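final19.pdb follows; it contains PDB, C-alpha atoms.
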```pdb
ATOM      1  CA  MET I   1     136.881 192.408 208.091
ATOM      2  CA  ALA I   2     136.894 190.388 204.884
ATOM      3  CA  SER I   3     135.435 186.952 204.343
ATOM      4  CA  SER I   4     137.123 183.981 202.739
ATOM      5  CA  SER I   5     134.670 183.968 199.849
ATOM      6  CA  ALA I   6     135.309 187.657 199.111
ATOM      7  CA  VAL I   7     139.050 187.039 199.168
ATOM      8  CA  MET I   8     138.659 184.038 196.859
ATOM      9  CA  SER I   9     136.599 186.121 194.416
ATOM     10  CA  ILE I  10     139.143 188.928 194.395
ATOM     11  CA  GLY I  11     141.888 186.363 193.866
ATOM     12  CA  ARG I  12     140.119 184.831 190.894
ATOM     13  CA  ILE I  13     139.581 188.214 189.287
ATOM     14  CA  GLY I  14     143.236 189.027 189.855
ATOM     15  CA  GLY I  15     145.230 191.659 188.102
ATOM     16  CA  GLU I  16     146.718 194.818 189.546
ATOM     17  CA  GLU I  17     143.387 195.897 191.037
ATOM     18  CA  ALA I  18     143.271 192.779 193.234
ATOM     19  CA  LEU I  19     146.758 193.080 194.717
ATOM     20  CA  ASP I  20     146.190 196.042 197.050
ATOM     21  CA  PRO I  21     143.041 194.619 198.675
ATOM     22  CA  LEU I  22     144.681 191.199 199.085
ATOM     23  CA  TYR I  23     147.788 192.802 200.586
ATOM     24  CA  SER I  24     145.635 194.723 203.058
ATOM     25  CA  VAL I  25     143.699 191.637 204.089
ATOM     26  CA  VAL I  26     146.897 189.638 204.635
ATOM     27  CA  SER I  27     148.283 192.432 206.778
ATOM     28  CA  GLU I  28     145.194 193.387 208.765
ATOM     29  CA  ASP I  29     142.397 190.806 208.912
ATOM     30  CA  PRO I  30     141.962 189.153 212.327
ATOM     31  CA  ASP I  31     140.800 185.809 210.864
ATOM     32  CA  GLU I  32     143.688 183.453 210.083
ATOM     33  CA  LEU I  33     141.787 181.599 207.350
ATOM     34  CA  VAL I  34     140.975 184.837 205.589
ATOM     35  CA  ARG I  35     144.641 185.903 205.809
ATOM     36  CA  PHE I  36     145.716 182.477 204.546
ATOM     37  CA  HIS I  37     143.433 182.618 201.494
ATOM     38  CA  ALA I  38     144.409 186.221 200.806
ATOM     39  CA  LEU I  39     148.098 185.288 200.896
ATOM     40  CA  ARG I  40     147.564 182.248 198.681
ATOM     41  CA  ASN I  41     145.631 184.343 196.159
ATOM     42  CA  TYR I  42     148.264 187.070 196.267
ATOM     43  CA  ARG I  43     150.813 184.361 195.384
ATOM     44  CA  ARG I  44     148.787 183.508 192.284
ATOM     45  CA  TRP I  45     149.578 186.934 190.850
ATOM     46  CA  ARG I  46     152.983 187.780 192.339
ATOM     47  CA  THR I  47     156.016 185.665 193.132
ATOM     48  CA  ALA I  48     158.606 186.446 195.745
ATOM     49  CA  ARG I  49     160.802 187.905 192.993
ATOM     50  CA  ASP I  50     158.571 190.989 193.113
ATOM     51  CA  ASP I  51     159.891 193.369 195.811
ATOM     52  CA  ALA I  52     156.486 194.084 197.363
ATOM     53  CA  ALA I  53     155.617 190.382 197.409
ATOM     54  CA  PHE I  54     158.967 189.469 198.979
ATOM     55  CA  LYS I  55     158.450 192.080 201.682
ATOM     56  CA  LEU I  56     154.943 190.763 202.375
ATOM     57  CA  PHE I  57     156.061 187.111 202.550
ATOM     58  CA  HIS I  58     159.039 188.008 204.753
ATOM     59  CA  THR I  59     156.886 190.074 207.121
ATOM     60  CA  VAL I  60     154.187 187.417 207.376
ATOM     61  CA  LEU I  61     156.697 184.625 207.979
ATOM     62  CA  THR I  62     158.438 186.662 210.649
ATOM     63  CA  TYR I  63     155.503 188.214 212.504
ATOM     64  CA  ASP I  64     152.127 186.590 211.781
ATOM     65  CA  LYS I  65     150.533 184.845 214.773
ATOM     66  CA  SER I  66     149.095 181.967 212.751
ATOM     67  CA  PRO I  67     151.272 178.949 211.914
ATOM     68  CA  LEU I  68     149.012 178.282 208.924
ATOM     69  CA  VAL I  69     149.686 181.711 207.447
ATOM     70  CA  ARG I  70     153.415 181.598 208.282
ATOM     71  CA  GLU I  71     153.666 178.194 206.593
ATOM     72  CA  GLU I  72     152.133 179.608 203.400
ATOM     73  CA  ALA I  73     154.627 182.493 203.483
ATOM     74  CA  ALA I  74     157.514 180.037 203.877
ATOM     75  CA  VAL I  75     156.322 178.128 200.818
ATOM     76  CA  ALA I  76     156.114 181.384 198.866
ATOM     77  CA  LEU I  77     159.784 182.153 199.562
ATOM     78  CA  GLY I  78     161.031 178.841 198.133
ATOM     79  CA  VAL I  79     162.163 180.311 194.820
ATOM     80  CA  LYS I  80     165.413 179.378 193.097
ATOM     81  CA  GLY I  81     168.036 182.118 193.278
ATOM     82  CA  LEU I  82     165.918 184.498 195.353
ATOM     83  CA  PRO I  83     168.248 186.974 197.095
ATOM     84  CA  GLY I  84     167.475 187.460 200.783
ATOM     85  CA  ALA I  85     165.275 184.394 201.176
ATOM     86  CA  VAL I  86     167.936 182.215 202.805
ATOM     87  CA  ASP I  87     168.271 184.340 205.938
ATOM     88  CA  THR I  88     164.514 184.608 206.443
ATOM     89  CA  LEU I  89     163.922 180.910 205.837
ATOM     90  CA  ALA I  90     166.880 179.843 208.009
ATOM     91  CA  LYS I  91     165.365 181.702 210.956
ATOM     92  CA  ALA I  92     161.987 180.123 210.247
ATOM     93  CA  THR I  93     163.461 176.603 210.503
ATOM     94  CA  ARG I  94     163.558 177.302 214.255
ATOM     95  CA  ASP I  95     159.866 178.257 214.415
ATOM     96  CA  GLN I  96     157.935 176.799 217.375
ATOM     97  CA  ALA I  97     155.331 175.347 215.010
ATOM     98  CA  TRP I  98     156.828 172.301 213.329
ATOM     99  CA  GLU I  99     154.691 172.880 210.226
ATOM    100  CA  VAL I 100     156.344 176.243 209.647
ATOM    101  CA  ALA I 101     159.825 174.871 210.311
ATOM    102  CA  VAL I 102     159.223 172.010 207.863
ATOM    103  CA  ALA I 103     157.935 174.310 205.114
ATOM    104  CA  ALA I 104     160.851 176.681 205.690
ATOM    105  CA  ALA I 105     163.377 173.836 205.434
ATOM    106  CA  VAL I 106     162.014 172.565 202.134
ATOM    107  CA  SER I 107     161.760 176.093 200.732
ATOM    108  CA  LEU I 108     165.295 176.812 201.902
ATOM    109  CA  GLY I 109     166.510 173.928 199.754
ATOM    110  CA  LYS I 110     164.469 175.107 196.794
ATOM    111  CA  THR I 111     166.389 178.398 196.785
ATOM    112  CA  ARG I 112     169.403 176.299 195.692
ATOM    113  CA  ASP I 113     171.624 178.769 197.513
ATOM    114  CA  PRO I 114     174.937 177.238 198.705
ATOM    115  CA  LYS I 115     174.357 178.826 202.148
ATOM    116  CA  ALA I 116     171.214 176.705 202.510
ATOM    117  CA  LEU I 117     173.233 173.561 203.240
ATOM    118  CA  GLU I 118     174.801 175.193 206.274
ATOM    119  CA  ALA I 119     171.436 176.410 207.524
ATOM    120  CA  LEU I 120     169.853 172.964 207.063
ATOM    121  CA  ALA I 121     172.628 171.005 208.822
ATOM    122  CA  PRO I 122     171.165 171.332 212.356
ATOM    123  CA  LEU I 123     167.847 169.891 211.189
ATOM    124  CA  LEU I 124     169.504 166.688 210.006
ATOM    125  CA  ALA I 125     170.274 165.859 213.656
ATOM    126  CA  ALA I 126     167.001 167.108 215.179
ATOM    127  CA  LYS I 127     165.150 164.943 217.706
ATOM    128  CA  ASP I 128     161.861 165.391 215.863
ATOM    129  CA  TRP I 129     161.705 163.082 212.851
ATOM    130  CA  ARG I 130     159.576 165.624 210.961
ATOM    131  CA  LEU I 131     162.391 168.157 211.173
ATOM    132  CA  ARG I 132     164.996 165.561 210.144
ATOM    133  CA  GLY I 133     162.834 164.600 207.168
ATOM    134  CA  ALA I 134     162.347 168.222 206.170
ATOM    135  CA  GLY I 135     166.083 168.798 206.575
ATOM    136  CA  ALA I 136     166.713 165.844 204.269
ATOM    137  CA  ALA I 137     164.243 167.144 201.690
ATOM    138  CA  GLY I 138     165.655 170.662 201.862
ATOM    139  CA  THR I 139     169.209 169.349 201.607
ATOM    140  CA  GLY I 140     168.255 167.283 198.580
ATOM    141  CA  TRP I 141     166.505 170.202 196.911
ATOM    142  CA  THR I 142     169.684 172.298 197.110
ATOM    143  CA  ASN I 143     171.062 170.143 194.302
ATOM    144  CA  GLN I 144     174.578 170.787 195.627
ATOM    145  CA  ALA I 145     177.437 168.275 195.703
ATOM    146  CA  GLY I 146     177.724 168.875 199.465
ATOM    147  CA  ALA I 147     174.255 167.412 199.917
ATOM    148  CA  VAL I 148     175.486 163.860 199.277
ATOM    149  CA  PRO I 149     177.714 163.492 202.370
ATOM    150  CA  ALA I 150     175.073 165.269 204.455
ATOM    151  CA  LEU I 151     172.344 162.813 203.402
ATOM    152  CA  LEU I 152     174.317 159.544 203.649
ATOM    153  CA  PRO I 153     174.021 159.148 207.454
ATOM    154  CA  LEU I 154     170.244 159.538 207.196
ATOM    155  CA  LEU I 155     169.968 156.270 205.273
ATOM    156  CA  SER I 156     170.150 154.526 208.649
ATOM    157  CA  ASP I 157     167.654 156.825 210.373
ATOM    158  CA  PRO I 158     165.251 154.870 212.605
ATOM    159  CA  GLU I 159     162.279 156.695 211.047
ATOM    160  CA  ILE I 160     161.708 155.079 207.649
ATOM    161  CA  SER I 161     160.230 158.236 206.099
ATOM    162  CA  VAL I 162     163.430 160.154 206.890
ATOM    163  CA  ALA I 163     165.610 157.357 205.490
ATOM    164  CA  ARG I 164     163.388 157.100 202.416
ATOM    165  CA  THR I 165     163.537 160.863 201.793
ATOM    166  CA  ALA I 166     167.334 160.827 202.014
ATOM    167  CA  TRP I 167     167.482 157.773 199.748
ATOM    168  CA  GLU I 168     165.261 159.316 197.070
ATOM    169  CA  PHE I 169     167.306 162.520 196.962
ATOM    170  CA  LEU I 170     170.602 160.621 196.959
ATOM    171  CA  LYS I 171     169.436 158.619 193.949
ATOM    172  CA  ARG I 172     168.594 161.863 192.134
ATOM    173  CA  LEU I 173     171.820 163.602 193.114
ATOM    174  CA  THR I 174     174.131 160.703 192.242
ATOM    175  CA  ASP I 175     172.139 159.188 189.383
ATOM    176  CA  ARG I 176     172.731 155.746 190.904
ATOM    177  CA  ASP I 177     170.482 153.002 192.171
ATOM    178  CA  LEU I 178     171.407 152.837 195.854
ATOM    179  CA  PRO I 179     170.251 150.408 198.535
ATOM    180  CA  LEU I 180     167.664 151.901 200.890
ATOM    181  CA  ARG I 181     169.569 151.013 204.062
ATOM    182  CA  GLN I 182     173.181 151.989 204.609
ATOM    183  CA  LYS I 183     175.491 149.159 205.688
TER
END
```
Same coordinates, now as structure tokens:
Amino acid sequence: MASSSAVMSIGRIGGEEALDPLYSVVSEDPDELVRFHALRNYRRWRTARDDAAFKLFHTVLTYDKSPLVREEAAVALGVKGLPGAVDTLAKATRDQAWEVAVAAAVSLGKTRDPKALEALAPLLAAKDWRLRGAGAAGTGWTNQAGAVPALLPLLSDPEISVARTAWEFLKRLTDRDLPLRQK
């Protein structure tokens, strides 16, 4: 059983020697905060482009009991052009913990994969405004032409933060100054 301070120290030291102990802690420690800090420190030294790191992030996002730890794994998979991340993140957008689903949606967009738009579409009509907002952010992050027609209906969303998110991304995608509310 590791402690958070030990994990933080190992993470600061870093290098190849730190990766195996951090990996073990993420996989085995019973304390969710220790696993969270171990995963975050692992991310400091390895991105999801590394095969071992991708496998760890995928496994944690799929199987870890803690929403906090799964959320961190979802963030770690939000890498542009990362093969295999779209399927894992698309499944995570249906996670029971809204925090995980939100992080997965945003990370899904950050992959910039064309398949991400299709996976994000159901979130744009979700009952929960947090999921609609995350769907809007993820859709905007895809930086795809298909994001524009998907975001337009959200300009009239009753939740202002969802409408504002859609508006901000539409301005970036179209390079135009648009009105906040759709008429």
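Distance-wise, CA of Val7 (chain I) and CA of Leu108 (chain I) end up 28.3 Å apart.
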(Q) Given the PyMOL selection byres ((chain I and resi 122) around 12) and the file above, list the residues it selects as a ChimeraX atom specification. (A) /I:90-91,93-94,105,116-121,123-128,131-136,138-139,150
**Q.** Ground truth for the PyMOL selection byres ((chain I and resi 36) around 9), written as a list in words
**A.** Ser4, Val26, Asp31, Glu32, Leu33, Val34, Arg35, His37, Ala38, Leu39, Arg40, Asn41, Ser66, Leu68, Val69, Arg70, Glu72 and Ala73 of chain I
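Those residues returned by the PyMOL selection byres ((chain I and resi 47) around 12) for this file are Leu19, Leu39, Arg40, Asn41, Tyr42, Arg43, Arg44, Trp45, Arg46, Ala48, Arg49, Asp50, Asp51, Ala52, Ala53, Phe54, Lys55, Leu56, Phe57, Ala73, Val75, Ala76, Leu77, Gly78, Val79, Lys80 and Leu82 of chain I.
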For Asp157 (chain I): contacts at 12 Å, only C-alpha atoms, fewer than 2 positions along chain excluded, given as a CSV table (one decimal) with C-alpha atoms, keeping the file's coordinate frame:
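As written to disk, selection_33.csv reads:
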```
chain,number,residue,atom,x,y,z
I,124,LEU,CA,169.5,166.7,210.0
I,125,ALA,CA,170.3,165.9,213.7
I,126,ALA,CA,167.0,167.1,215.2
I,127,LYS,CA,165.2,164.9,217.7
I,128,ASP,CA,161.9,165.4,215.9
I,129,TRP,CA,161.7,163.1,212.9
I,130,ARG,CA,159.6,165.6,211.0
I,132,ARG,CA,165.0,165.6,210.1
I,133,GLY,CA,162.8,164.6,207.2
I,136,ALA,CA,166.7,165.8,204.3
I,151,LEU,CA,172.3,162.8,203.4
I,152,LEU,CA,174.3,159.5,203.6
I,153,PRO,CA,174.0,159.1,207.5
I,154,LEU,CA,170.2,159.5,207.2
I,155,LEU,CA,170.0,156.3,205.3
I,159,GLU,CA,162.3,156.7,211.0
I,160,ILE,CA,161.7,155.1,207.6
I,161,SER,CA,160.2,158.2,206.1
I,162,VAL,CA,163.4,160.2,206.9
I,163,ALA,CA,165.6,157.4,205.5
I,164,ARG,CA,163.4,157.1,202.4
I,165,THR,CA,163.5,160.9,201.8
I,166,ALA,CA,167.3,160.8,202.0
I,167,TRP,CA,167.5,157.8,199.7
I,180,LEU,CA,167.7,151.9,200.9
I,181,ARG,CA,169.6,151.0,204.1
I,182,GLN,CA,173.2,152.0,204.6
I,183,LYS,CA,175.5,149.2,205.7
```
